[in-house]
$ cat data-v8.tsv   # TSV, C-alpha atoms
chain	number	residue	atom	x	y	z
A	1	MET	CA	214.43	-136.58	-55.71
A	2	THR	CA	216.26	-139.84	-55.06
A	3	PRO	CA	217.73	-141.50	-58.14
A	4	GLY	CA	216.50	-145.00	-58.98
A	5	PRO	CA	218.64	-148.08	-58.61
A	6	VAL	CA	221.60	-148.41	-60.94
A	7	ASP	CA	221.52	-151.44	-63.22
A	8	TYR	CA	225.17	-152.36	-62.78
A	9	ARG	CA	224.88	-155.50	-64.89
A	10	ALA	CA	223.57	-153.57	-67.90
A	11	ARG	CA	226.17	-150.87	-67.34
A	12	TYR	CA	228.95	-153.45	-67.18
A	13	MET	CA	227.67	-155.30	-70.24
A	14	ASP	CA	227.96	-152.13	-72.32
A	15	ASP	CA	231.72	-152.24	-71.68
A	16	CYS	CA	232.13	-155.94	-72.51
A	17	TRP	CA	233.23	-156.86	-76.00
A	18	THR	CA	231.48	-160.09	-76.97
A	19	HIS	CA	230.07	-161.55	-80.18
A	20	GLU	CA	226.55	-162.36	-81.29
A	21	ALA	CA	226.03	-166.09	-81.90
A	22	SER	CA	225.64	-165.48	-85.64
A	23	VAL	CA	229.42	-165.03	-86.06
A	24	LEU	CA	229.83	-168.79	-85.59
A	25	THR	CA	227.60	-169.73	-88.54
A	26	GLY	CA	229.59	-171.89	-90.94
A	27	ARG	CA	232.73	-171.80	-88.80
A	28	PRO	CA	234.47	-174.99	-87.65
A	29	GLN	CA	234.68	-176.11	-84.05
A	30	LEU	CA	238.35	-176.17	-83.04
A	31	ASP	CA	240.07	-178.74	-80.84
A	32	GLY	CA	243.18	-178.17	-78.77
A	33	VAL	CA	242.73	-174.47	-78.01
A	34	ARG	CA	244.47	-173.52	-74.76
A	35	MET	CA	243.60	-170.27	-73.02
A	36	LEU	CA	246.78	-168.56	-71.82
A	37	TRP	CA	245.20	-165.65	-69.95
A	38	CYS	CA	242.10	-163.48	-69.96
A	39	GLN	CA	241.75	-159.74	-70.25
A	40	GLU	CA	238.05	-159.41	-69.35
A	41	PHE	CA	236.25	-161.66	-66.88
A	42	TYR	CA	232.61	-162.11	-65.90
A	43	ASP	CA	231.81	-165.49	-64.31
A	44	GLY	CA	234.66	-166.79	-66.46
A	45	PRO	CA	236.95	-165.48	-69.18
A	46	LEU	CA	235.40	-163.20	-71.82
A	47	ASP	CA	238.45	-162.51	-73.97
A	48	GLY	CA	242.18	-162.95	-73.97
A	49	LEU	CA	245.09	-164.75	-75.54
A	50	ALA	CA	244.98	-168.43	-76.49
A	51	GLU	CA	247.35	-170.86	-78.12
A	52	TRP	CA	246.27	-173.08	-81.01
A	53	ARG	CA	248.41	-175.05	-83.45
A	54	GLY	CA	251.58	-173.25	-82.40
A	55	GLY	CA	250.21	-169.73	-82.81
A	56	GLU	CA	248.83	-167.16	-80.39
A	57	HIS	CA	245.34	-165.92	-81.15
A	58	TRP	CA	242.67	-163.76	-79.51
A	59	TYR	CA	239.50	-165.37	-78.17
A	60	VAL	CA	236.19	-163.57	-77.59
A	61	ALA	CA	233.10	-164.91	-75.80
A	62	VAL	CA	230.01	-165.50	-77.89
A	63	GLY	CA	226.58	-164.58	-76.59
A	64	PRO	CA	225.57	-162.76	-73.43
A	65	VAL	CA	228.15	-162.83	-70.66
A	66	TRP	CA	225.69	-164.40	-68.25
A	67	ALA	CA	225.02	-167.31	-70.64
A	68	GLU	CA	225.14	-170.86	-69.34
A	69	ARG	CA	228.34	-172.87	-69.45
A	70	PRO	CA	230.13	-174.15	-71.33
A	71	ARG	CA	230.76	-170.78	-72.86
A	72	ARG	CA	231.56	-170.60	-76.58
A	73	TYR	CA	234.40	-168.47	-77.93
A	74	ALA	CA	235.40	-167.23	-81.37
A	75	LEU	CA	239.12	-167.56	-82.04
A	76	HIS	CA	240.58	-164.64	-83.98
A	77	GLN	CA	243.79	-164.75	-85.96
A	78	LEU	CA	246.48	-162.33	-84.75
A	79	THR	CA	249.72	-161.35	-86.38
A	80	PRO	CA	252.87	-162.04	-84.34
A	81	ALA	CA	253.14	-158.26	-83.74
A	82	GLN	CA	249.56	-158.12	-82.42
A	83	ALA	CA	250.22	-161.08	-80.12
A	84	ALA	CA	253.42	-159.43	-78.83
A	85	ALA	CA	251.50	-156.20	-78.17
A	86	ALA	CA	248.82	-158.17	-76.31
A	87	TRP	CA	251.49	-159.68	-74.06
A	88	GLN	CA	252.99	-156.24	-73.44
A	89	ARG	CA	249.59	-154.77	-72.51
A	90	HIS	CA	248.85	-157.79	-70.29
A	91	HIS	CA	252.09	-157.24	-68.33
A	92	LEU	CA	251.45	-153.48	-68.14
A	93	LEU	CA	247.94	-153.94	-66.70
A	94	ASP	CA	249.20	-156.62	-64.31
A	95	GLY	CA	251.89	-154.20	-63.11
A	96	TYR	CA	249.30	-151.49	-62.46
A	97	GLN	CA	247.19	-153.98	-60.53
A	98	ARG	CA	250.14	-154.99	-58.35
A	99	ALA	CA	251.08	-151.34	-57.78
A	100	ALA	CA	247.52	-150.51	-56.73
A	101	GLN	CA	247.50	-153.42	-54.29
A	102	ALA	CA	250.71	-151.99	-52.80
A	103	GLY	CA	248.99	-148.63	-52.28
A	104	ALA	CA	250.13	-146.69	-55.36
A	105	ASP	CA	247.69	-144.36	-57.08
A	106	VAL	CA	247.69	-145.74	-60.62
A	107	ALA	CA	244.00	-145.37	-61.46
A	108	GLU	CA	244.63	-142.84	-64.22
A	109	GLN	CA	247.30	-144.99	-65.88
A	110	TRP	CA	245.07	-148.08	-65.63
A	111	ASP	CA	242.09	-146.25	-67.11
A	112	ARG	CA	244.17	-144.96	-70.01
A	113	ALA	CA	245.70	-148.38	-70.78
A	114	TRP	CA	242.28	-150.04	-70.52
A	115	ALA	CA	240.62	-147.48	-72.79
A	116	GLU	CA	243.39	-147.85	-75.39
A	117	ARG	CA	243.18	-151.65	-75.62
A	118	PRO	CA	242.52	-152.81	-79.18
A	119	ASP	CA	239.30	-154.49	-80.22
A	120	HIS	CA	240.28	-157.68	-82.04
A	121	ARG	CA	236.70	-158.70	-82.87
A	122	GLY	CA	237.26	-157.53	-86.46
A	123	ALA	CA	240.21	-159.88	-87.03
A	124	PRO	CA	239.59	-163.01	-89.13
A	125	ILE	CA	237.78	-165.77	-87.22
A	126	LEU	CA	239.51	-169.15	-87.40
A	127	GLY	CA	236.68	-171.06	-85.73
A	128	TRP	CA	235.18	-171.55	-82.30
A	129	PHE	CA	235.72	-173.58	-79.13
A	130	THR	CA	234.19	-174.08	-75.69
A	131	ASP	CA	235.69	-173.80	-72.23

$ encode --input "data-v8.tsv" --output "structure tokens"
Amino acid sequence: MTPGPVDYRARYMDDCWTHEASVLTGRPQLDGVRMLWCQEFYDGPLDGLAEWRGGEHWYVAVGPVWAERPRRYALHQLTPAQAAAAWQRHHLLDGYQRAAQAGADVAEQWDRAWAERPDHRGAPILGWFTD
């Protein structure tokens, strides 16, 4: 028996950490947010580190990842230690990517680092912005 087609989009979406639109209720729209880099990407950034009012915070896409643009993001407050750890993980994953492009077998290290990434969606939400 031949297996049916794999729904890669649904499979990928299960691994994406986004927010339901309801998290924005009563939250202010923020101006001046600058995305520094993204961790997850699907037709645009889904989450990553941003700068706002002199601090580094975590942003997370709101709604389905295939939603129309502009995409809305919730901005989560991070402690300086959490922001430093995010930078460290970002450089680690970037290093694995460069090593893989050079022919090194780093799939296991990448998978472990990716699986151990923290979920910042539970951190306090400062407000929201669009890209």

$ atom_distance --input "data-v8.tsv" --atom1 "atom CA of His76 of chain A" --atom2 "atom CA of Gly122 of chain A"
8.2 Å

$ atom_distance --input "data-v8.tsv" --atom1 "atom CA of Leu46 of chain A" --atom2 "atom CA of Ala107 of chain A"
22.3 Å

$ closest_residue --input "data-v8.tsv" --among "A:Val62, A:Cys38, A:Leu92, A:Leu78" --to "His120 of chain A" --atoms "only C-alpha atoms"
A:Leu78

$ closest_residue --input "data-v8.tsv" --among "A:Glu40, A:Glu68, A:Glu51, A:Asp131" --to "His90 of chain A" --atoms "only C-alpha atoms"
A:Glu40

$ residues_around --input "data-v8.tsv" --residues "Thr79 of chain A" --least-positions-apart "5" --cutoff "9 Å" --atoms "all atoms listed in the file" --output "MDAnalysis selection string"
chainID A and resid 56:57 84

$ closest_residue --input "data-v8.tsv" --among "A:Thr18, A:Gln109, A:Gln77, A:Gln97" --to "Gly55 of chain A" --atoms "all atoms listed in the file"
A:Gln77

$ closest_residue --input "data-v8.tsv" --among "A:Trp58, A:Trp37, A:Tyr42, A:Trp110" --to "Arg71 of chain A" --atoms "only C-alpha atoms"
A:Tyr42

$ closest_residue --input "data-v8.tsv" --among "A:Gln82, A:Cys16, A:Phe129, A:Gln101" --to "Trp114 of chain A" --atoms "only C-alpha atoms"
A:Cys16

$ closest_residue --input "data-v8.tsv" --among "A:Asp47, A:Ala102, A:Ala81, A:Ala86" --to "Glu116 of chain A" --atoms "all atoms listed in the file"
A:Ala86
